[in-house]
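Q: Sending over a structure as structure tokens; questions will come in a sec.
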Amino acid sequence: MKHKINLAMIAISMLAVCITMFSITCVYYNLFGQQVKKDLRIQARILAAAGLSKLTDEESLMGDPDIRITWISAKGEVLFDNDARNLDNHLDRPEVRDAFLNGVGESVRESDTMNMRTFYYAVLLEDGTVLIVSTLARRIYSVFASVAAIVVLIIVMITLLCVTISRILTGKLLEPIRVMAEDLDNVNTPVAYKELEPFITRIRQQHRDILAAAKSRQDFTANVSHELKTPITAISGYAELIENKMVDTDSQIRFAGEIRKQANRLVSLVNDIIRLSELDHKDDLTDVTRIDLYELLKERMEFLGPLATEKNLTLSVSGESSFVTTNKGLVIELIDNLVQNAIRYNVQDGSVGVCVYPCGMQVKLIVSDTGIGIPREEQDRVFERFYRVDKSRSRETGGTGLGLAIVKHIVELHGGSIQLTSEVGQGTTVCVTL
Ligand code: ADP
């Protein structure tokens, strides 16, 4: 960036110097030409008034390089010339012709070889003779050539100045940005430039998200280790007792049952962890088909029915045909998790009701139970990974603490929303909009 600003400043100033020099030279060249013409007119008038007979005697004028004076007769023959280089007939010269016709005549002739131009002014005198005064001036190329060195010098000086100024400027411009970059966490650090505000807000948000994601990954890893350790320690303990023949045959059978239960717990845990990690890497729905959620709900309630017999729960499905285009496997996972929770955290002889109906372009799916409920302050947290309100009941019933986290993920993949309302001792209602 610094480099670009440097180059841009140098280029702009070089261009500015060249344009300015060119324009000034052109303007002055023109003004100078006019001034030369004016001077020639005045000189001619003075010479004419002074009397040419005297002039011809004037020694000091002879060979004067600044002014050339030529006096010609009415026939064009040279009567006097202070340079005496070109003494041929002057009648065909434009300024002489004009002088004979109009009293005065002037012209400018360029000389390629000398890089000069000559200004001529001719005036018809009362006796019919013509006085011509002429002088040499530089041509524009030669004027340019003479200022070229100065232009180059100015450019070099301006380049040095630009580099210095742009260094200072870019340093001053970038310093607050550098300070901000070093302190991205601190939202109180003022944003250096108003124009950068949306950019910085976004970067800060992303930075916070990254930190939060890193923190949640760390927490998740710690939780996973902890969750896996419990059943593994139990399995290892039971196995050790059996190995050392420290238990009787009846207890051995009981311990084998415990080992199987803990192993199943491990399997569910690992399955849910893998599922979550798969969902973490999913950005959109794949393998979608059009599904009637009402039919699917009836199917799933029939499948999960046996889980409810132990508590003698009443299961009911209501609503109407509601179609969604989605991945069937994911929706089954969502329904199963919610219904399993409604069964698991229910009371003896309670009930579980599921209902689905279309709602505008979306579909609402409601799972309600008459279970133990969730305290108000914990209702938001139950969607966190491994968060359990009633830890022992969750473990006993084979819960992993990941079910609602998976549900939330699936709902987000659908761009939908989820609301949970619950009253301790009354029951819980989860409403999903897909
Ligand atoms: P789990 O595998 O433990 O059921 P979830 O993520 O599905 O994990 O749920 C998290 C916690 O929320 C559960 O441990 C439980 O305490 C509470 N919970 C979830 N659903 C219900 C419900 N329908 N009624 C009461 N508590 C519930």
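In the structure tokens, the first chain shown is A, the next is B, and so on; residue numbers restart at 1 for each chain, and ligands run from 1 in the order shown.
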Report as JSON lines: every residue of chain A with an atom at most 9 Å from ligand 1, its closest pair of atoms, and their distance in Å to one decimal, counting only C-alpha atoms and all ligand atoms, with rows sorted by chain and ascending residue number.

A:
```
{"residue": "A:Asn337", "atom": "CA", "partner": "ligand 1", "partner_atom_place_in_ligand_line": "7 (O)", "distance": 6.4}
{"residue": "A:Leu338", "atom": "CA", "partner": "ligand 1", "partner_atom_place_in_ligand_line": "20 (N)", "distance": 6.9}
{"residue": "A:Val339", "atom": "CA", "partner": "ligand 1", "partner_atom_place_in_ligand_line": "23 (N)", "distance": 7.8}
{"residue": "A:Gln340", "atom": "CA", "partner": "ligand 1", "partner_atom_place_in_ligand_line": "4 (O)", "distance": 7.9}
{"residue": "A:Asn341", "atom": "CA", "partner": "ligand 1", "partner_atom_place_in_ligand_line": "20 (N)", "distance": 4.6}
{"residue": "A:Ala342", "atom": "CA", "partner": "ligand 1", "partner_atom_place_in_ligand_line": "23 (N)", "distance": 4.0}
{"residue": "A:Ile343", "atom": "CA", "partner": "ligand 1", "partner_atom_place_in_ligand_line": "23 (N)", "distance": 7.3}
{"residue": "A:Arg344", "atom": "CA", "partner": "ligand 1", "partner_atom_place_in_ligand_line": "23 (N)", "distance": 7.4}
{"residue": "A:Tyr345", "atom": "CA", "partner": "ligand 1", "partner_atom_place_in_ligand_line": "24 (N)", "distance": 4.7}
{"residue": "A:Asn346", "atom": "CA", "partner": "ligand 1", "partner_atom_place_in_ligand_line": "24 (N)", "distance": 6.7}
{"residue": "A:Val367", "atom": "CA", "partner": "ligand 1", "partner_atom_place_in_ligand_line": "23 (N)", "distance": 8.4}
{"residue": "A:Ser368", "atom": "CA", "partner": "ligand 1", "partner_atom_place_in_ligand_line": "23 (N)", "distance": 7.4}
{"residue": "A:Asp369", "atom": "CA", "partner": "ligand 1", "partner_atom_place_in_ligand_line": "23 (N)", "distance": 6.4}
{"residue": "A:Thr370", "atom": "CA", "partner": "ligand 1", "partner_atom_place_in_ligand_line": "24 (N)", "distance": 8.3}
{"residue": "A:Gly371", "atom": "CA", "partner": "ligand 1", "partner_atom_place_in_ligand_line": "24 (N)", "distance": 5.7}
{"residue": "A:Ile372", "atom": "CA", "partner": "ligand 1", "partner_atom_place_in_ligand_line": "25 (C)", "distance": 5.4}
{"residue": "A:Gly373", "atom": "CA", "partner": "ligand 1", "partner_atom_place_in_ligand_line": "25 (C)", "distance": 4.3}
{"residue": "A:Ile374", "atom": "CA", "partner": "ligand 1", "partner_atom_place_in_ligand_line": "26 (N)", "distance": 5.1}
{"residue": "A:Pro375", "atom": "CA", "partner": "ligand 1", "partner_atom_place_in_ligand_line": "26 (N)", "distance": 8.8}
{"residue": "A:Glu378", "atom": "CA", "partner": "ligand 1", "partner_atom_place_in_ligand_line": "12 (O)", "distance": 8.4}
{"residue": "A:Gln379", "atom": "CA", "partner": "ligand 1", "partner_atom_place_in_ligand_line": "12 (O)", "distance": 7.9}
{"residue": "A:Arg381", "atom": "CA", "partner": "ligand 1", "partner_atom_place_in_ligand_line": "12 (O)", "distance": 8.1}
{"residue": "A:Val382", "atom": "CA", "partner": "ligand 1", "partner_atom_place_in_ligand_line": "12 (O)", "distance": 4.5}
{"residue": "A:Phe383", "atom": "CA", "partner": "ligand 1", "partner_atom_place_in_ligand_line": "6 (O)", "distance": 6.0}
{"residue": "A:Glu384", "atom": "CA", "partner": "ligand 1", "partner_atom_place_in_ligand_line": "6 (O)", "distance": 7.2}
{"residue": "A:Arg385", "atom": "CA", "partner": "ligand 1", "partner_atom_place_in_ligand_line": "6 (O)", "distance": 6.8}
{"residue": "A:Phe386", "atom": "CA", "partner": "ligand 1", "partner_atom_place_in_ligand_line": "6 (O)", "distance": 6.6}
{"residue": "A:Tyr387", "atom": "CA", "partner": "ligand 1", "partner_atom_place_in_ligand_line": "10 (C)", "distance": 5.5}
{"residue": "A:Arg388", "atom": "CA", "partner": "ligand 1", "partner_atom_place_in_ligand_line": "14 (O)", "distance": 3.4}
{"residue": "A:Val389", "atom": "CA", "partner": "ligand 1", "partner_atom_place_in_ligand_line": "16 (O)", "distance": 3.6}
{"residue": "A:Asp390", "atom": "CA", "partner": "ligand 1", "partner_atom_place_in_ligand_line": "16 (O)", "distance": 4.5}
{"residue": "A:Lys391", "atom": "CA", "partner": "ligand 1", "partner_atom_place_in_ligand_line": "14 (O)", "distance": 6.1}
{"residue": "A:Ser392", "atom": "CA", "partner": "ligand 1", "partner_atom_place_in_ligand_line": "14 (O)", "distance": 8.7}
{"residue": "A:Arg393", "atom": "CA", "partner": "ligand 1", "partner_atom_place_in_ligand_line": "14 (O)", "distance": 7.6}
{"residue": "A:Ser394", "atom": "CA", "partner": "ligand 1", "partner_atom_place_in_ligand_line": "3 (O)", "distance": 4.4}
{"residue": "A:Arg395", "atom": "CA", "partner": "ligand 1", "partner_atom_place_in_ligand_line": "3 (O)", "distance": 6.9}
{"residue": "A:Thr397", "atom": "CA", "partner": "ligand 1", "partner_atom_place_in_ligand_line": "4 (O)", "distance": 8.1}
{"residue": "A:Gly398", "atom": "CA", "partner": "ligand 1", "partner_atom_place_in_ligand_line": "2 (O)", "distance": 6.9}
{"residue": "A:Gly399", "atom": "CA", "partner": "ligand 1", "partner_atom_place_in_ligand_line": "2 (O)", "distance": 3.2}
{"residue": "A:Thr400", "atom": "CA", "partner": "ligand 1", "partner_atom_place_in_ligand_line": "2 (O)", "distance": 3.8}
{"residue": "A:Gly401", "atom": "CA", "partner": "ligand 1", "partner_atom_place_in_ligand_line": "8 (O)", "distance": 3.1}
{"residue": "A:Leu402", "atom": "CA", "partner": "ligand 1", "partner_atom_place_in_ligand_line": "6 (O)", "distance": 4.2}
{"residue": "A:Gly403", "atom": "CA", "partner": "ligand 1", "partner_atom_place_in_ligand_line": "7 (O)", "distance": 3.5}
{"residue": "A:Leu404", "atom": "CA", "partner": "ligand 1", "partner_atom_place_in_ligand_line": "6 (O)", "distance": 3.6}
{"residue": "A:Ala405", "atom": "CA", "partner": "ligand 1", "partner_atom_place_in_ligand_line": "6 (O)", "distance": 5.6}
{"residue": "A:Ile406", "atom": "CA", "partner": "ligand 1", "partner_atom_place_in_ligand_line": "6 (O)", "distance": 7.6}
{"residue": "A:Val407", "atom": "CA", "partner": "ligand 1", "partner_atom_place_in_ligand_line": "6 (O)", "distance": 8.2}
{"residue": "A:Ser422", "atom": "CA", "partner": "ligand 1", "partner_atom_place_in_ligand_line": "24 (N)", "distance": 7.7}
{"residue": "A:Val424", "atom": "CA", "partner": "ligand 1", "partner_atom_place_in_ligand_line": "25 (C)", "distance": 8.3}
{"residue": "A:Gly427", "atom": "CA", "partner": "ligand 1", "partner_atom_place_in_ligand_line": "24 (N)", "distance": 6.5}
{"residue": "A:Thr428", "atom": "CA", "partner": "ligand 1", "partner_atom_place_in_ligand_line": "23 (N)", "distance": 5.2}
{"residue": "A:Thr429", "atom": "CA", "partner": "ligand 1", "partner_atom_place_in_ligand_line": "23 (N)", "distance": 7.1}
{"residue": "A:Val430", "atom": "CA", "partner": "ligand 1", "partner_atom_place_in_ligand_line": "23 (N)", "distance": 7.8}
```

Q: Can you pull out the residues contacting region 88-98 of chain A? Cut-off 9 Å, using only C-alpha atoms, and skip same-chain residues under 4 positions away; I want them as an MDAnalysis selection string.

A: chainID A and resid 72 74:78 102:107 120:124 130:132

Q: Near region 275-290 of chain A, counting only C-alpha atoms, which residues have an atom at most 8 Å away, once you skip same-chain residues fewer than 4 positions from it, shown as a PDB file with all heavy atoms, in the first residue's frame?

A:
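Generated output (out.pdb):
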```
ATOM      1  N   ASN A 271     -21.683 -42.444  18.598  1.00  0.00           N
ATOM      2  CA  ASN A 271     -22.565 -42.192  17.452  1.00  0.00           C
ATOM      3  C   ASN A 271     -23.008 -40.731  17.408  1.00  0.00           C
ATOM      4  O   ASN A 271     -22.961 -40.088  16.358  1.00  0.00           O
ATOM      5  CB  ASN A 271     -23.818 -43.075  17.530  1.00  0.00           C
ATOM      6  CG  ASN A 271     -23.522 -44.461  16.996  1.00  0.00           C
ATOM      7  OD1 ASN A 271     -22.528 -44.673  16.294  1.00  0.00           O
ATOM      8  ND2 ASN A 271     -24.356 -45.432  17.348  1.00  0.00           N
ATOM      9  N   PHE A 323     -46.348 -30.880   3.682  1.00  0.00           N
ATOM     10  CA  PHE A 323     -45.216 -31.331   2.854  1.00  0.00           C
ATOM     11  C   PHE A 323     -43.985 -30.428   3.025  1.00  0.00           C
ATOM     12  O   PHE A 323     -44.114 -29.206   3.087  1.00  0.00           O
ATOM     13  CB  PHE A 323     -45.632 -31.367   1.384  1.00  0.00           C
ATOM     14  CG  PHE A 323     -46.554 -32.528   1.083  1.00  0.00           C
ATOM     15  CD1 PHE A 323     -47.937 -32.389   1.176  1.00  0.00           C
ATOM     16  CD2 PHE A 323     -46.026 -33.767   0.744  1.00  0.00           C
ATOM     17  CE1 PHE A 323     -48.768 -33.464   0.923  1.00  0.00           C
ATOM     18  CE2 PHE A 323     -46.860 -34.848   0.487  1.00  0.00           C
ATOM     19  CZ  PHE A 323     -48.243 -34.691   0.579  1.00  0.00           C
ATOM     20  N   VAL A 324     -42.844 -31.076   3.116  1.00  0.00           N
ATOM     21  CA  VAL A 324     -41.583 -30.321   3.082  1.00  0.00           C
ATOM     22  C   VAL A 324     -40.616 -31.061   2.158  1.00  0.00           C
ATOM     23  O   VAL A 324     -40.666 -32.291   2.056  1.00  0.00           O
ATOM     24  CB  VAL A 324     -40.894 -30.203   4.467  1.00  0.00           C
ATOM     25  CG1 VAL A 324     -41.400 -29.038   5.259  1.00  0.00           C
ATOM     26  CG2 VAL A 324     -40.978 -31.468   5.257  1.00  0.00           C
ATOM     27  N   THR A 325     -39.772 -30.267   1.499  1.00  0.00           N
ATOM     28  CA  THR A 325     -38.749 -30.899   0.654  1.00  0.00           C
ATOM     29  C   THR A 325     -37.467 -30.903   1.465  1.00  0.00           C
ATOM     30  O   THR A 325     -36.898 -29.848   1.746  1.00  0.00           O
ATOM     31  CB  THR A 325     -38.567 -30.097  -0.646  1.00  0.00           C
ATOM     32  OG1 THR A 325     -39.836 -30.009  -1.255  1.00  0.00           O
ATOM     33  CG2 THR A 325     -37.588 -30.768  -1.594  1.00  0.00           C
ATOM     34  N   THR A 326     -37.059 -32.091   1.864  1.00  0.00           N
ATOM     35  CA  THR A 326     -35.915 -32.149   2.781  1.00  0.00           C
ATOM     36  C   THR A 326     -35.248 -33.527   2.748  1.00  0.00           C
ATOM     37  O   THR A 326     -35.659 -34.415   2.012  1.00  0.00           O
ATOM     38  CB  THR A 326     -36.391 -31.826   4.214  1.00  0.00           C
ATOM     39  OG1 THR A 326     -35.277 -31.923   5.077  1.00  0.00           O
ATOM     40  CG2 THR A 326     -37.464 -32.765   4.693  1.00  0.00           C
ATOM     41  N   ASN A 327     -34.232 -33.654   3.561  1.00  0.00           N
ATOM     42  CA  ASN A 327     -33.542 -34.927   3.686  1.00  0.00           C
ATOM     43  C   ASN A 327     -34.286 -35.763   4.729  1.00  0.00           C
ATOM     44  O   ASN A 327     -34.364 -35.388   5.902  1.00  0.00           O
ATOM     45  CB  ASN A 327     -32.102 -34.656   4.120  1.00  0.00           C
ATOM     46  CG  ASN A 327     -31.302 -35.908   4.299  1.00  0.00           C
ATOM     47  OD1 ASN A 327     -31.659 -36.762   5.096  1.00  0.00           O
ATOM     48  ND2 ASN A 327     -30.230 -36.026   3.546  1.00  0.00           N
ATOM     49  N   LYS A 328     -34.842 -36.890   4.293  1.00  0.00           N
ATOM     50  CA  LYS A 328     -35.721 -37.677   5.175  1.00  0.00           C
ATOM     51  C   LYS A 328     -34.982 -38.146   6.431  1.00  0.00           C
ATOM     52  O   LYS A 328     -35.528 -38.076   7.548  1.00  0.00           O
ATOM     53  CB  LYS A 328     -36.260 -38.873   4.395  1.00  0.00           C
ATOM     54  CG  LYS A 328     -37.391 -39.574   5.097  1.00  0.00           C
ATOM     55  CD  LYS A 328     -38.020 -40.610   4.204  1.00  0.00           C
ATOM     56  CE  LYS A 328     -39.067 -41.379   4.987  1.00  0.00           C
ATOM     57  NZ  LYS A 328     -39.651 -42.450   4.207  1.00  0.00           N
ATOM     58  N   ALA A 405     -28.871 -30.695  20.926  1.00  0.00           N
ATOM     59  CA  ALA A 405     -27.856 -29.983  20.118  1.00  0.00           C
ATOM     60  C   ALA A 405     -27.967 -30.436  18.662  1.00  0.00           C
ATOM     61  O   ALA A 405     -27.869 -29.627  17.728  1.00  0.00           O
ATOM     62  CB  ALA A 405     -26.463 -30.267  20.653  1.00  0.00           C
ATOM     63  N   ILE A 406     -28.186 -31.757  18.480  1.00  0.00           N
ATOM     64  CA  ILE A 406     -28.349 -32.295  17.114  1.00  0.00           C
ATOM     65  C   ILE A 406     -29.629 -31.726  16.492  1.00  0.00           C
ATOM     66  O   ILE A 406     -29.632 -31.266  15.337  1.00  0.00           O
ATOM     67  CB  ILE A 406     -28.374 -33.846  17.147  1.00  0.00           C
ATOM     68  CG1 ILE A 406     -26.988 -34.363  17.563  1.00  0.00           C
ATOM     69  CG2 ILE A 406     -28.814 -34.418  15.817  1.00  0.00           C
ATOM     70  CD1 ILE A 406     -26.891 -35.869  17.737  1.00  0.00           C
ATOM     71  N   HIS A 409     -29.145 -28.163  15.385  1.00  0.00           N
ATOM     72  CA  HIS A 409     -28.329 -28.155  14.167  1.00  0.00           C
ATOM     73  C   HIS A 409     -29.173 -28.452  12.933  1.00  0.00           C
ATOM     74  O   HIS A 409     -29.081 -27.771  11.905  1.00  0.00           O
ATOM     75  CB  HIS A 409     -27.259 -29.245  14.297  1.00  0.00           C
ATOM     76  CG  HIS A 409     -25.888 -28.718  14.095  1.00  0.00           C
ATOM     77  ND1 HIS A 409     -25.549 -27.978  13.006  1.00  0.00           N
ATOM     78  CD2 HIS A 409     -24.764 -28.839  14.836  1.00  0.00           C
ATOM     79  CE1 HIS A 409     -24.277 -27.664  13.089  1.00  0.00           C
ATOM     80  NE2 HIS A 409     -23.777 -28.171  14.201  1.00  0.00           N
ATOM     81  N   ILE A 410     -30.023 -29.477  13.053  1.00  0.00           N
ATOM     82  CA  ILE A 410     -30.871 -29.874  11.909  1.00  0.00           C
ATOM     83  C   ILE A 410     -31.840 -28.746  11.553  1.00  0.00           C
ATOM     84  O   ILE A 410     -32.042 -28.427  10.377  1.00  0.00           O
ATOM     85  CB  ILE A 410     -31.627 -31.190  12.229  1.00  0.00           C
ATOM     86  CG1 ILE A 410     -30.611 -32.330  12.405  1.00  0.00           C
ATOM     87  CG2 ILE A 410     -32.634 -31.527  11.143  1.00  0.00           C
ATOM     88  CD1 ILE A 410     -31.191 -33.644  12.879  1.00  0.00           C
ATOM     89  N   LEU A 413     -30.030 -26.080   9.721  1.00  0.00           N
ATOM     90  CA  LEU A 413     -29.751 -26.492   8.331  1.00  0.00           C
ATOM     91  C   LEU A 413     -30.957 -26.234   7.425  1.00  0.00           C
ATOM     92  O   LEU A 413     -30.809 -25.980   6.227  1.00  0.00           O
ATOM     93  CB  LEU A 413     -29.426 -27.978   8.289  1.00  0.00           C
ATOM     94  CG  LEU A 413     -27.966 -28.375   8.277  1.00  0.00           C
ATOM     95  CD1 LEU A 413     -27.843 -29.876   8.292  1.00  0.00           C
ATOM     96  CD2 LEU A 413     -27.255 -27.811   7.059  1.00  0.00           C
ATOM     97  N   HIS A 414     -32.163 -26.275   8.033  1.00  0.00           N
ATOM     98  CA  HIS A 414     -33.390 -26.023   7.270  1.00  0.00           C
ATOM     99  C   HIS A 414     -33.709 -24.533   7.208  1.00  0.00           C
ATOM    100  O   HIS A 414     -34.688 -24.137   6.583  1.00  0.00           O
ATOM    101  CB  HIS A 414     -34.575 -26.736   7.930  1.00  0.00           C
ATOM    102  CG  HIS A 414     -34.618 -28.211   7.655  1.00  0.00           C
ATOM    103  ND1 HIS A 414     -33.875 -29.112   8.360  1.00  0.00           N
ATOM    104  CD2 HIS A 414     -35.309 -28.923   6.730  1.00  0.00           C
ATOM    105  CE1 HIS A 414     -34.119 -30.336   7.907  1.00  0.00           C
ATOM    106  NE2 HIS A 414     -34.977 -30.244   6.909  1.00  0.00           N
TER     107      HIS A 414
END
```

Q: Identify all residues of region 155-397 of chain A in strand (DSSP E) (DSSP on the backbone) and supply them as a ChimeraX atom specification.

A: /A:289-292,314-319,323-326,351-359,362-369

Q: Write the selection just made, keeping N, CA and C atoms, as a PDB file, in the first residue's frame?

A:
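Final output, out12.pdb:
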```pdb
ATOM      1  N   THR A 289     -36.013 -34.904  -0.728  1.00  0.00           N
ATOM      2  CA  THR A 289     -37.232 -35.422  -1.381  1.00  0.00           C
ATOM      3  C   THR A 289     -38.422 -34.718  -0.749  1.00  0.00           C
ATOM      4  N   ARG A 290     -39.579 -34.830  -1.424  1.00  0.00           N
ATOM      5  CA  ARG A 290     -40.781 -34.191  -0.870  1.00  0.00           C
ATOM      6  C   ARG A 290     -41.435 -35.185   0.092  1.00  0.00           C
ATOM      7  N   ILE A 291     -41.604 -34.752   1.323  1.00  0.00           N
ATOM      8  CA  ILE A 291     -42.094 -35.672   2.353  1.00  0.00           C
ATOM      9  C   ILE A 291     -43.348 -35.104   3.013  1.00  0.00           C
ATOM     10  N   ASP A 292     -44.315 -36.000   3.287  1.00  0.00           N
ATOM     11  CA  ASP A 292     -45.474 -35.577   4.081  1.00  0.00           C
ATOM     12  C   ASP A 292     -45.128 -35.839   5.547  1.00  0.00           C
ATOM     13  N   THR A 314     -49.615 -42.298  27.015  1.00  0.00           N
ATOM     14  CA  THR A 314     -50.549 -42.247  25.887  1.00  0.00           C
ATOM     15  C   THR A 314     -49.893 -41.407  24.787  1.00  0.00           C
ATOM     16  N   LEU A 315     -49.760 -41.990  23.597  1.00  0.00           N
ATOM     17  CA  LEU A 315     -49.155 -41.254  22.471  1.00  0.00           C
ATOM     18  C   LEU A 315     -50.249 -40.843  21.497  1.00  0.00           C
ATOM     19  N   SER A 316     -50.208 -39.641  21.011  1.00  0.00           N
ATOM     20  CA  SER A 316     -51.223 -39.234  20.026  1.00  0.00           C
ATOM     21  C   SER A 316     -50.585 -38.375  18.925  1.00  0.00           C
ATOM     22  N   VAL A 317     -51.146 -38.551  17.713  1.00  0.00           N
ATOM     23  CA  VAL A 317     -50.664 -37.751  16.571  1.00  0.00           C
ATOM     24  C   VAL A 317     -51.848 -36.954  16.043  1.00  0.00           C
ATOM     25  N   SER A 318     -51.664 -35.654  15.822  1.00  0.00           N
ATOM     26  CA  SER A 318     -52.762 -34.868  15.240  1.00  0.00           C
ATOM     27  C   SER A 318     -52.188 -33.943  14.158  1.00  0.00           C
ATOM     28  N   GLY A 319     -53.090 -33.262  13.481  1.00  0.00           N
ATOM     29  CA  GLY A 319     -52.646 -32.327  12.447  1.00  0.00           C
ATOM     30  C   GLY A 319     -53.141 -32.729  11.081  1.00  0.00           C
ATOM     31  N   PHE A 323     -46.348 -30.880   3.682  1.00  0.00           N
ATOM     32  CA  PHE A 323     -45.216 -31.331   2.854  1.00  0.00           C
ATOM     33  C   PHE A 323     -43.985 -30.428   3.025  1.00  0.00           C
ATOM     34  N   VAL A 324     -42.844 -31.076   3.116  1.00  0.00           N
ATOM     35  CA  VAL A 324     -41.583 -30.321   3.082  1.00  0.00           C
ATOM     36  C   VAL A 324     -40.616 -31.061   2.158  1.00  0.00           C
ATOM     37  N   THR A 325     -39.772 -30.267   1.499  1.00  0.00           N
ATOM     38  CA  THR A 325     -38.749 -30.899   0.654  1.00  0.00           C
ATOM     39  C   THR A 325     -37.467 -30.903   1.465  1.00  0.00           C
ATOM     40  N   THR A 326     -37.059 -32.091   1.864  1.00  0.00           N
ATOM     41  CA  THR A 326     -35.915 -32.149   2.781  1.00  0.00           C
ATOM     42  C   THR A 326     -35.248 -33.527   2.748  1.00  0.00           C
ATOM     43  N   SER A 351     -48.661 -38.410  29.057  1.00  0.00           N
ATOM     44  CA  SER A 351     -48.975 -38.494  27.623  1.00  0.00           C
ATOM     45  C   SER A 351     -47.971 -37.673  26.796  1.00  0.00           C
ATOM     46  N   VAL A 352     -47.872 -38.085  25.522  1.00  0.00           N
ATOM     47  CA  VAL A 352     -47.014 -37.368  24.563  1.00  0.00           C
ATOM     48  C   VAL A 352     -47.881 -37.083  23.338  1.00  0.00           C
ATOM     49  N   GLY A 353     -47.940 -35.834  22.932  1.00  0.00           N
ATOM     50  CA  GLY A 353     -48.727 -35.504  21.744  1.00  0.00           C
ATOM     51  C   GLY A 353     -47.845 -34.848  20.696  1.00  0.00           C
ATOM     52  N   VAL A 354     -48.015 -35.313  19.451  1.00  0.00           N
ATOM     53  CA  VAL A 354     -47.288 -34.633  18.368  1.00  0.00           C
ATOM     54  C   VAL A 354     -48.310 -34.112  17.377  1.00  0.00           C
ATOM     55  N   CYS A 355     -47.984 -32.975  16.803  1.00  0.00           N
ATOM     56  CA  CYS A 355     -48.940 -32.333  15.905  1.00  0.00           C
ATOM     57  C   CYS A 355     -48.156 -31.661  14.780  1.00  0.00           C
ATOM     58  N   VAL A 356     -48.686 -31.725  13.569  1.00  0.00           N
ATOM     59  CA  VAL A 356     -48.013 -31.042  12.454  1.00  0.00           C
ATOM     60  C   VAL A 356     -49.057 -30.399  11.558  1.00  0.00           C
ATOM     61  N   TYR A 357     -48.751 -29.184  11.116  1.00  0.00           N
ATOM     62  CA  TYR A 357     -49.677 -28.507  10.196  1.00  0.00           C
ATOM     63  C   TYR A 357     -48.911 -27.463   9.377  1.00  0.00           C
ATOM     64  N   PRO A 358     -49.402 -27.187   8.154  1.00  0.00           N
ATOM     65  CA  PRO A 358     -48.719 -26.177   7.337  1.00  0.00           C
ATOM     66  C   PRO A 358     -48.982 -24.786   7.910  1.00  0.00           C
ATOM     67  N   CYS A 359     -47.993 -23.907   7.761  1.00  0.00           N
ATOM     68  CA  CYS A 359     -48.127 -22.544   8.288  1.00  0.00           C
ATOM     69  C   CYS A 359     -47.484 -21.610   7.261  1.00  0.00           C
ATOM     70  N   GLN A 362     -44.298 -22.452   5.395  1.00  0.00           N
ATOM     71  CA  GLN A 362     -43.543 -23.368   6.272  1.00  0.00           C
ATOM     72  C   GLN A 362     -44.453 -24.409   6.913  1.00  0.00           C
ATOM     73  N   VAL A 363     -43.825 -25.223   7.747  1.00  0.00           N
ATOM     74  CA  VAL A 363     -44.578 -26.283   8.427  1.00  0.00           C
ATOM     75  C   VAL A 363     -44.240 -26.202   9.908  1.00  0.00           C
ATOM     76  N   LYS A 364     -45.243 -26.351  10.763  1.00  0.00           N
ATOM     77  CA  LYS A 364     -44.988 -26.337  12.219  1.00  0.00           C
ATOM     78  C   LYS A 364     -45.134 -27.748  12.757  1.00  0.00           C
ATOM     79  N   LEU A 365     -44.150 -28.136  13.574  1.00  0.00           N
ATOM     80  CA  LEU A 365     -44.160 -29.464  14.180  1.00  0.00           C
ATOM     81  C   LEU A 365     -44.054 -29.261  15.693  1.00  0.00           C
ATOM     82  N   ILE A 366     -45.064 -29.761  16.417  1.00  0.00           N
ATOM     83  CA  ILE A 366     -45.087 -29.521  17.867  1.00  0.00           C
ATOM     84  C   ILE A 366     -45.061 -30.854  18.620  1.00  0.00           C
ATOM     85  N   VAL A 367     -44.134 -30.974  19.557  1.00  0.00           N
ATOM     86  CA  VAL A 367     -44.059 -32.179  20.392  1.00  0.00           C
ATOM     87  C   VAL A 367     -44.279 -31.725  21.829  1.00  0.00           C
ATOM     88  N   SER A 368     -45.351 -32.230  22.461  1.00  0.00           N
ATOM     89  CA  SER A 368     -45.585 -31.800  23.852  1.00  0.00           C
ATOM     90  C   SER A 368     -45.742 -33.015  24.763  1.00  0.00           C
ATOM     91  N   ASP A 369     -45.338 -32.838  25.995  1.00  0.00           N
ATOM     92  CA  ASP A 369     -45.460 -33.944  26.946  1.00  0.00           C
ATOM     93  C   ASP A 369     -45.969 -33.428  28.284  1.00  0.00           C
TER      94      ASP A 369
END
```

Q: Expressed in Å to a single decimal, how great is the separation between CA of Val432 (chain A) and CA of Glu299 (chain A)?

A: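 CA of Val432 (chain A) sits 18.5 Å away from CA of Glu299 (chain A).
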
Q: Choose the residue, out of A:Phe32, A:Leu169, A:Asn82, A:Ile67, that has the smallest atom-to-atom separation from Met9 (chain A); count only C-alpha atoms.

A: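 Going through A:Phe32, A:Leu169, A:Asn82, A:Ile67 one by one, the smallest distance to Met9 (chain A) is for A:Leu169.
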
Q: From the options A:Thr135, A:Thr421, A:Asn115, A:Thr20, which residue's atoms come nearest to Gln43 (chain A), counting only C-alpha atoms?

A: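 Under the stated criterion, the closest residue is A:Thr135.
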